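A.B. asks: My file is final.pdb. It has PDB, C-alpha atoms:
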ATOM      1  CA  MET A   7      17.389 -12.611   9.556
ATOM      2  CA  ALA A   8      20.380 -11.412  11.595
ATOM      3  CA  LYS A   9      22.416 -10.859   8.407
ATOM      4  CA  LYS A  10      19.562  -8.860   6.901
ATOM      5  CA  GLU A  11      19.274  -6.741  10.045
ATOM      6  CA  ASP A  12      23.027  -6.001   9.893
ATOM      7  CA  ALA A  13      22.669  -4.968   6.255
ATOM      8  CA  TYR A  14      19.682  -2.746   7.071
ATOM      9  CA  MET A  15      21.527  -1.132   9.987
ATOM     10  CA  SER A  16      24.458  -0.336   7.715
ATOM     11  CA  ALA A  17      22.155   1.128   5.058
ATOM     12  CA  LEU A  18      20.236   3.193   7.620
ATOM     13  CA  GLU A  19      23.271   4.483   9.475
ATOM     14  CA  GLY A  20      23.048   8.264   9.822
ATOM     15  CA  LYS A  21      19.579   8.354   8.266
ATOM     16  CA  SER A  22      16.351   9.355   9.952
ATOM     17  CA  ILE A  23      13.667   6.659  10.074
ATOM     18  CA  PRO A  24      10.122   8.098   9.950
ATOM     19  CA  ILE A  25       7.691   7.000  12.631
ATOM     20  CA  LEU A  26       5.797   4.529  10.474
ATOM     21  CA  THR A  27       2.413   4.649  12.204
ATOM     22  CA  LEU A  28       2.332   8.431  11.667
ATOM     23  CA  ASP A  29       3.062   8.034   7.948
ATOM     24  CA  ASN A  30      -0.054   7.756   5.768
ATOM     25  CA  LYS A  31       1.939   5.989   3.040
ATOM     26  CA  TRP A  32       2.787   3.212   5.510
ATOM     27  CA  HIS A  33      -0.924   2.696   6.174
ATOM     28  CA  GLN A  34      -1.553   2.618   2.406
ATOM     29  CA  LEU A  35       0.813  -0.362   2.128
ATOM     30  CA  PHE A  36      -1.771  -2.418   3.975
ATOM     31  CA  THR A  37      -4.459  -1.659   1.426
ATOM     32  CA  GLN A  38      -2.330  -3.970  -0.765
ATOM     33  CA  THR A  39      -1.518  -6.685   1.768
ATOM     34  CA  ASP A  40      -2.714  -7.729   5.225
ATOM     35  CA  MET A  41      -1.096  -6.795   8.531
ATOM     36  CA  THR A  42       0.373  -9.702  10.460
ATOM     37  CA  PRO A  43      -0.284 -10.057  14.221
ATOM     38  CA  GLU A  44       3.375  -9.080  14.795
ATOM     39  CA  ILE A  45       2.923  -5.847  12.854
ATOM     40  CA  GLU A  46      -0.314  -5.003  14.650
ATOM     41  CA  GLU A  47       1.340  -5.590  18.047
ATOM     42  CA  LEU A  48       4.391  -3.449  17.177
ATOM     43  CA  ALA A  49       2.172  -0.706  15.735
ATOM     44  CA  ASP A  50       0.105  -0.581  18.956
ATOM     45  CA  GLU A  51       3.277  -0.446  21.069
ATOM     46  CA  LEU A  52       4.723   2.325  18.897
ATOM     47  CA  ASN A  53       1.514   4.357  19.052
ATOM     48  CA  SER A  54       1.490   4.042  22.842
ATOM     49  CA  LEU A  55       5.095   5.269  23.097
ATOM     50  CA  VAL A  56       4.460   8.135  20.674
ATOM     51  CA  GLU A  57       1.371   9.175  22.644
ATOM     52  CA  LYS A  58       3.366   9.156  25.906
ATOM     53  CA  ASP A  59       6.168  11.128  24.272
ATOM     54  CA  GLY A  60       3.714  13.712  22.948
ATOM     55  CA  LYS A  61       2.086  14.086  26.370
ATOM     56  CA  LEU A  62       5.459  14.652  28.086
ATOM     57  CA  ARG A  63       6.533  17.219  25.491
ATOM     58  CA  SER A  64       3.231  19.045  25.864
ATOM     59  CA  GLU A  65       3.654  19.124  29.651
ATOM     60  CA  ASN A  66       7.222  20.398  29.191
ATOM     61  CA  LYS A  67       5.911  23.286  27.127
ATOM     62  CA  ASP A  68       3.472  24.166  29.924
ATOM     63  CA  ILE A  69       6.298  24.043  32.503
ATOM     64  CA  LYS A  70       8.519  26.265  30.322
ATOM     65  CA  ARG A  71       5.682  28.757  29.888
ATOM     66  CA  LEU A  72       5.199  28.844  33.676
ATOM     67  CA  LYS A  73       8.934  29.300  34.229
ATOM     68  CA  LYS A  74       9.025  32.173  31.723
ATOM     69  CA  LYS A  75       6.059  33.812  33.474
ATOM     70  CA  LEU A  76       7.730  33.461  36.908
ATOM     71  CA  LEU A  77      11.007  34.910  35.598
ATOM     72  CA  GLY A  78       9.058  37.814  34.139
ATOM     73  CA  GLU A  79       7.439  38.474  37.527
ATOM     74  CA  ILE A  80      10.604  38.168  39.640
ATOM     75  CA  VAL A  81      12.539  40.956  37.853
ATOM     76  CA  PRO A  82      10.185  43.813  38.800
ATOM     77  CA  LEU A  83       9.883  42.387  42.350
ATOM     78  CA  ARG A  84      13.654  42.620  42.763
ATOM     79  CA  ASP A  85      13.579  46.188  41.494
ATOM     80  CA  LYS A  86      10.967  46.973  44.121
ATOM     81  CA  ALA A  87      13.028  45.254  46.826
ATOM     82  CA  ASN A  88      16.086  47.309  45.878
ATOM     83  CA  LYS A  89      14.123  50.531  46.115
ATOM     84  CA  ALA A  90      12.059  49.688  49.185
ATOM     85  CA  PRO A  91      13.023  46.427  50.902
ATOM     86  CA  SER A  92      10.209  44.614  52.677
ATOM     87  CA  ALA A  93       9.540  41.161  54.073
ATOM     88  CA  ALA A  94       6.456  40.746  51.870
ATOM     89  CA  ILE A  95       8.379  41.403  48.666
ATOM     90  CA  GLU A  96      11.217  39.111  49.748
ATOM     91  CA  LYS A  97       8.652  36.406  50.468
ATOM     92  CA  GLU A  98       7.184  36.779  46.954
ATOM     93  CA  ILE A  99      10.666  36.648  45.428
ATOM     94  CA  SER A 100      11.489  33.572  47.511
ATOM     95  CA  GLU A 101       8.256  31.836  46.467
ATOM     96  CA  ARG A 102       8.851  32.508  42.771
ATOM     97  CA  THR A 103      12.466  31.392  43.093
ATOM     98  CA  ARG A 104      11.271  28.150  44.678
ATOM     99  CA  LEU A 105       8.756  27.608  41.855
ATOM    100  CA  ILE A 106      11.401  28.349  39.208
ATOM    101  CA  ASN A 107      13.766  25.801  40.788
ATOM    102  CA  GLU A 108      10.901  23.321  40.909
ATOM    103  CA  CYS A 109      10.295  23.907  37.187
ATOM    104  CA  ASN A 110      13.993  23.321  36.478
ATOM    105  CA  ASP A 111      13.956  20.077  38.462
ATOM    106  CA  ARG A 112      10.859  18.830  36.640
ATOM    107  CA  LEU A 113      12.329  19.739  33.235
ATOM    108  CA  SER A 114      15.645  18.067  34.096
ATOM    109  CA  GLY A 115      13.916  14.843  35.166
ATOM    110  CA  ARG A 116      11.756  14.760  32.055
ATOM    111  CA  GLU A 117      14.688  15.251  29.689
ATOM    112  CA  GLU A 118      16.106  11.865  30.722
ATOM    113  CA  GLU A 119      12.671  10.275  30.365
ATOM    114  CA  LEU A 120      12.252  11.824  26.901
ATOM    115  CA  LEU A 121      15.653  10.513  25.816
ATOM    116  CA  ASP A 122      14.695   7.030  27.004
ATOM    117  CA  LEU A 123      11.373   7.285  25.173
ATOM    118  CA  SER A 124      13.150   8.368  21.988
ATOM    119  CA  ARG A 125      15.362   5.273  22.170
ATOM    120  CA  GLN A 126      12.344   3.021  22.742
ATOM    121  CA  ILE A 127      10.437   4.639  19.867
ATOM    122  CA  TYR A 128      13.414   4.148  17.529
ATOM    123  CA  ASP A 129      13.835   0.485  18.540
ATOM    124  CA  VAL A 130      10.148  -0.387  18.100
ATOM    125  CA  ASP A 131       9.912   1.636  14.878
ATOM    126  CA  TYR A 132      12.948  -0.221  13.521
ATOM    127  CA  LYS A 133      11.422  -3.610  14.390
ATOM    128  CA  LEU A 134       8.178  -2.522  12.738
ATOM    129  CA  MET A 135      10.112  -1.497   9.642
ATOM    130  CA  LEU A 136      11.767  -4.938   9.445
ATOM    131  CA  GLU A 137       8.435  -6.758   9.819
ATOM    132  CA  THR A 138       6.843  -4.469   7.223
ATOM    133  CA  MET A 139       9.656  -5.085   4.739
ATOM    134  CA  LYS A 140       9.466  -8.832   5.393
ATOM    135  CA  VAL A 141       5.713  -8.958   4.706
ATOM    136  CA  CYS A 142       5.910  -6.699   1.649
ATOM    137  CA  TYR A 143       8.839  -8.570   0.096
ATOM    138  CA  GLU A 144       7.091 -11.906   0.630
ATOM    139  CA  ARG A 145       4.021 -10.486  -1.100
ATOM    140  CA  LEU A 146       6.183  -9.108  -3.923
ATOM    141  CA  HIS A 147       7.822 -12.504  -4.423
ATOM    142  CA  GLU A 148       4.437 -14.271  -4.427
ATOM    143  CA  ASN A 149       3.071 -11.788  -6.975
ATOM    144  CA  THR A 150       6.225 -12.072  -9.094
ATOM    145  CA  ALA A 151       5.874 -15.871  -9.205
ATOM    146  CA  GLU A 152       2.195 -15.544 -10.162
ATOM    147  CA  ILE A 153       2.977 -12.907 -12.800
ATOM    148  CA  LYS A 154       5.639 -15.169 -14.290
ATOM    149  CA  GLY A 155       3.239 -18.126 -14.405
ATOM    150  CA  LEU A 156       0.459 -16.048 -15.963
ATOM    151  CA  ASP A 157       2.849 -14.512 -18.472
ATOM    152  CA  GLU A 158       3.982 -17.982 -19.569
ATOM    153  CA  TRP A 159       0.343 -19.117 -19.839
ATOM    154  CA  ILE A 160      -0.613 -16.033 -21.854
ATOM    155  CA  SER A 161       2.353 -16.584 -24.200
ATOM    156  CA  LYS A 162       1.270 -20.191 -24.831
ATOM    157  CA  VAL A 163      -2.376 -19.190 -25.319
ATOM    158  CA  ARG A 164      -1.323 -16.367 -27.656
ATOM    159  CA  ILE A 165       0.592 -18.859 -29.807
ATOM    160  CA  GLU A 166      -2.383 -21.248 -29.848
ATOM    161  CA  LEU A 167      -4.716 -18.349 -30.624
ATOM    162  CA  LYS A 168      -2.605 -17.304 -33.599
ATOM    163  CA  LYS A 169      -2.563 -20.908 -34.874
ATOM    164  CA  ASN A 170      -6.351 -21.230 -34.482
ATOM    165  CA  ILE A 171      -6.940 -17.887 -36.202
ATOM    166  CA  ILE A 172      -4.913 -19.145 -39.164
ATOM    167  CA  ARG A 173      -6.878 -22.443 -39.167
ATOM    168  CA  LEU A 174     -10.156 -20.501 -38.993
ATOM    169  CA  GLN A 175      -9.154 -18.242 -41.896
ATOM    170  CA  GLU A 176      -8.002 -21.222 -43.959
ATOM    171  CA  SER A 177     -11.285 -23.077 -43.285
ATOM    172  CA  GLU A 178     -13.324 -19.996 -44.169
ATOM    173  CA  MET A 179     -11.401 -19.543 -47.396
ATOM    174  CA  GLU A 180     -11.790 -23.248 -48.251
ATOM    175  CA  ASN A 181     -15.555 -23.070 -47.657
ATOM    176  CA  TYR A 182     -15.833 -19.934 -49.759
ATOM    177  CA  ASN A 183     -13.894 -21.487 -52.635
ATOM    178  CA  LEU A 184     -15.833 -24.768 -52.439
ATOM    179  CA  TYR A 185     -19.157 -22.962 -52.529
ATOM    180  CA  SER A 186     -18.059 -20.680 -55.335
ATOM    181  CA  TYR A 187     -16.766 -23.527 -57.511
ATOM    182  CA  MET A 188     -19.835 -25.700 -56.844
ATOM    183  CA  HIS A 189     -22.113 -22.781 -57.615
ATOM    184  CA  GLN A 190     -20.288 -22.046 -60.861
ATOM    185  CA  ILE A 191     -20.024 -25.672 -61.966
ATOM    186  CA  PHE A 192     -23.426 -27.102 -60.970
ATOM    187  CA  GLY A 193     -25.571 -23.974 -60.744
ATOM    188  CA  PRO A 194     -27.755 -22.776 -57.861
ATOM    189  CA  GLU A 195     -30.519 -25.330 -58.501
ATOM    190  CA  VAL A 196     -28.205 -28.294 -57.966
ATOM    191  CA  VAL A 197     -26.397 -26.739 -54.994
ATOM    192  CA  ASP A 198     -29.751 -25.986 -53.369
ATOM    193  CA  ILE A 199     -30.558 -29.690 -53.288
ATOM    194  CA  PHE A 200     -27.906 -30.205 -50.579
ATOM    195  CA  ASP A 201     -28.756 -29.817 -46.927
ATOM    196  CA  MET A 202     -26.063 -27.120 -46.451
ATOM    197  CA  LYS A 203     -25.880 -23.690 -47.959
ATOM    198  CA  TYR A 204     -23.041 -21.216 -47.657
ATOM    199  CA  ASP A 205     -23.550 -17.505 -47.021
ATOM    200  CA  PRO A 206     -20.415 -15.664 -48.237
ATOM    201  CA  ASN A 207     -21.246 -12.710 -45.971
ATOM    202  CA  ARG A 208     -21.071 -14.873 -42.821
ATOM    203  CA  ARG A 209     -18.106 -16.632 -41.253
ATOM    204  CA  HIS A 210     -19.855 -19.969 -40.690
ATOM    205  CA  PRO A 211     -22.150 -22.178 -42.783
ATOM    206  CA  VAL A 212     -25.822 -22.008 -41.808
ATOM    207  CA  ARG A 213     -28.028 -25.075 -41.675
ATOM    208  CA  ARG A 214     -31.443 -24.701 -43.235
ATOM    209  CA  PRO A 215     -34.433 -25.785 -41.117
ATOM    210  CA  LEU A 216     -35.414 -29.319 -42.012
ATOM    211  CA  SER A 217     -39.021 -29.136 -40.849
ATOM    212  CA  GLY A 218     -39.842 -25.431 -40.657
ATOM    213  CA  ASP A 219     -38.991 -25.348 -36.958
ATOM    214  CA  GLU A 220     -36.780 -22.291 -36.212
ATOM    215  CA  SER A 221     -35.186 -24.182 -33.321
ATOM    216  CA  GLU A 222     -33.473 -26.407 -35.901
ATOM    217  CA  TYR A 223     -31.302 -23.560 -37.144
ATOM    218  CA  VAL A 224     -27.718 -24.285 -36.201
ATOM    219  CA  GLU A 225     -24.957 -21.679 -36.683
TER
END
Spit out the file's structure as structure tokens when you get a sec.

C.D. replies:
Amino acid sequence: MAKKEDAYMSALEGKSIPILTLDNKWHQLFTQTDMTPEIEELADELNSLVEKDGKLRSENKDIKRLKKKLLGEIVPLRDKANKAPSAAIEKEISERTRLINECNDRLSGREEELLDLSRQIYDVDYKLMLETMKVCYERLHENTAEIKGLDEWISKVRIELKKNIIRLQESEMENYNLYSYMHQIFGPEVVDIFDMKYDPNRRHPVRRPLSGDESEYVE
């Protein structure tokens, strides 16, 4: 498995791996084969990390909106302070400056957390990809073996079918010729004495009822 992982890493180098649990096509794979417990566990872990990542990014957007609002408010306050300095205005400027710095601190702390989450998401997503490929390839190999076996069986049956069709046609032709020659040589009265009669319009000879009972007809 280690060699396969090295090969996959080389093939995936520089490429973006989609988050599998967010990809509908990944879910469609498991309409064809069953999820293993390992895949279910990794999928749950990935979903949890993605949910946490989404929550942090949403909170970051709220913080950035607040910071933008505070910056928009502090500019006119400074203009007022320049024109008519007052303790009240300076206090408002100081409060907004404090809140802006607080926003910066919160954003800075979350950036590191988001980077760590991104690494975790990639690692779990990669493991999930390997497990998915393992399960799907095993299923492909099983199906390929079954297809090969069925194809061989069908080929043999097809040959036998062709042989039996030839035998059937030969037997039908022999029956037709026998009946025709007997009919021509002995006449219908003599042929009718026999228990069997041949209907040229049917494939198989038809037995006549021996005692008038319809159940005795045999095709």

A.B. asks: State, in Å with one decimal place, the distance from atom CA of A:Leu121 to atom CA of A:Ser22.

C.D. replies: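 Going from atom CA of A:Leu121 over to atom CA of A:Ser22 covers 15.9 Å.
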
A.B. asks: List, as JSON, numbers by chain, every residue that the PyMOL selection byres ((chain A and resi 102-115) around 7) selects in the file provided.

C.D. replies: {"A": [66, 69, 73, 76, 80, 98, 99, 100, 101, 116, 117, 118, 119]}

A.B. asks: Take the PyMOL selection byres ((chain A and resi 131) around 8), run it mentally on this structure, and tell me the resulting residues as a list in words.

C.D. replies: Ile23, Ile25, Leu26, Leu48, Leu52, Ile127, Tyr128, Asp129, Val130, Tyr132, Lys133, Leu134 and Met135 of chain A

A.B. asks: What gap, in Å, lies between atom CA of A:Tyr143 and atom CA of A:Thr39?

C.D. replies: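 Straight-line distance from atom CA of A:Tyr143 to atom CA of A:Thr39 works out to 10.7 Å.
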
A.B. asks: Using only C-alpha atoms, which of A:Lys169, A:Lys58, A:His147, A:Lys70 sits nearest A:Asp122?

C.D. replies: A:Lys58

A.B. asks: Please indicate the distance in Å from atom CA of A:Thr42 to atom CA of A:Asn149, rounded to one decimal place.

C.D. replies: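 Calculated distance between atom CA of A:Thr42 and atom CA of A:Asn149 is 17.8 Å.
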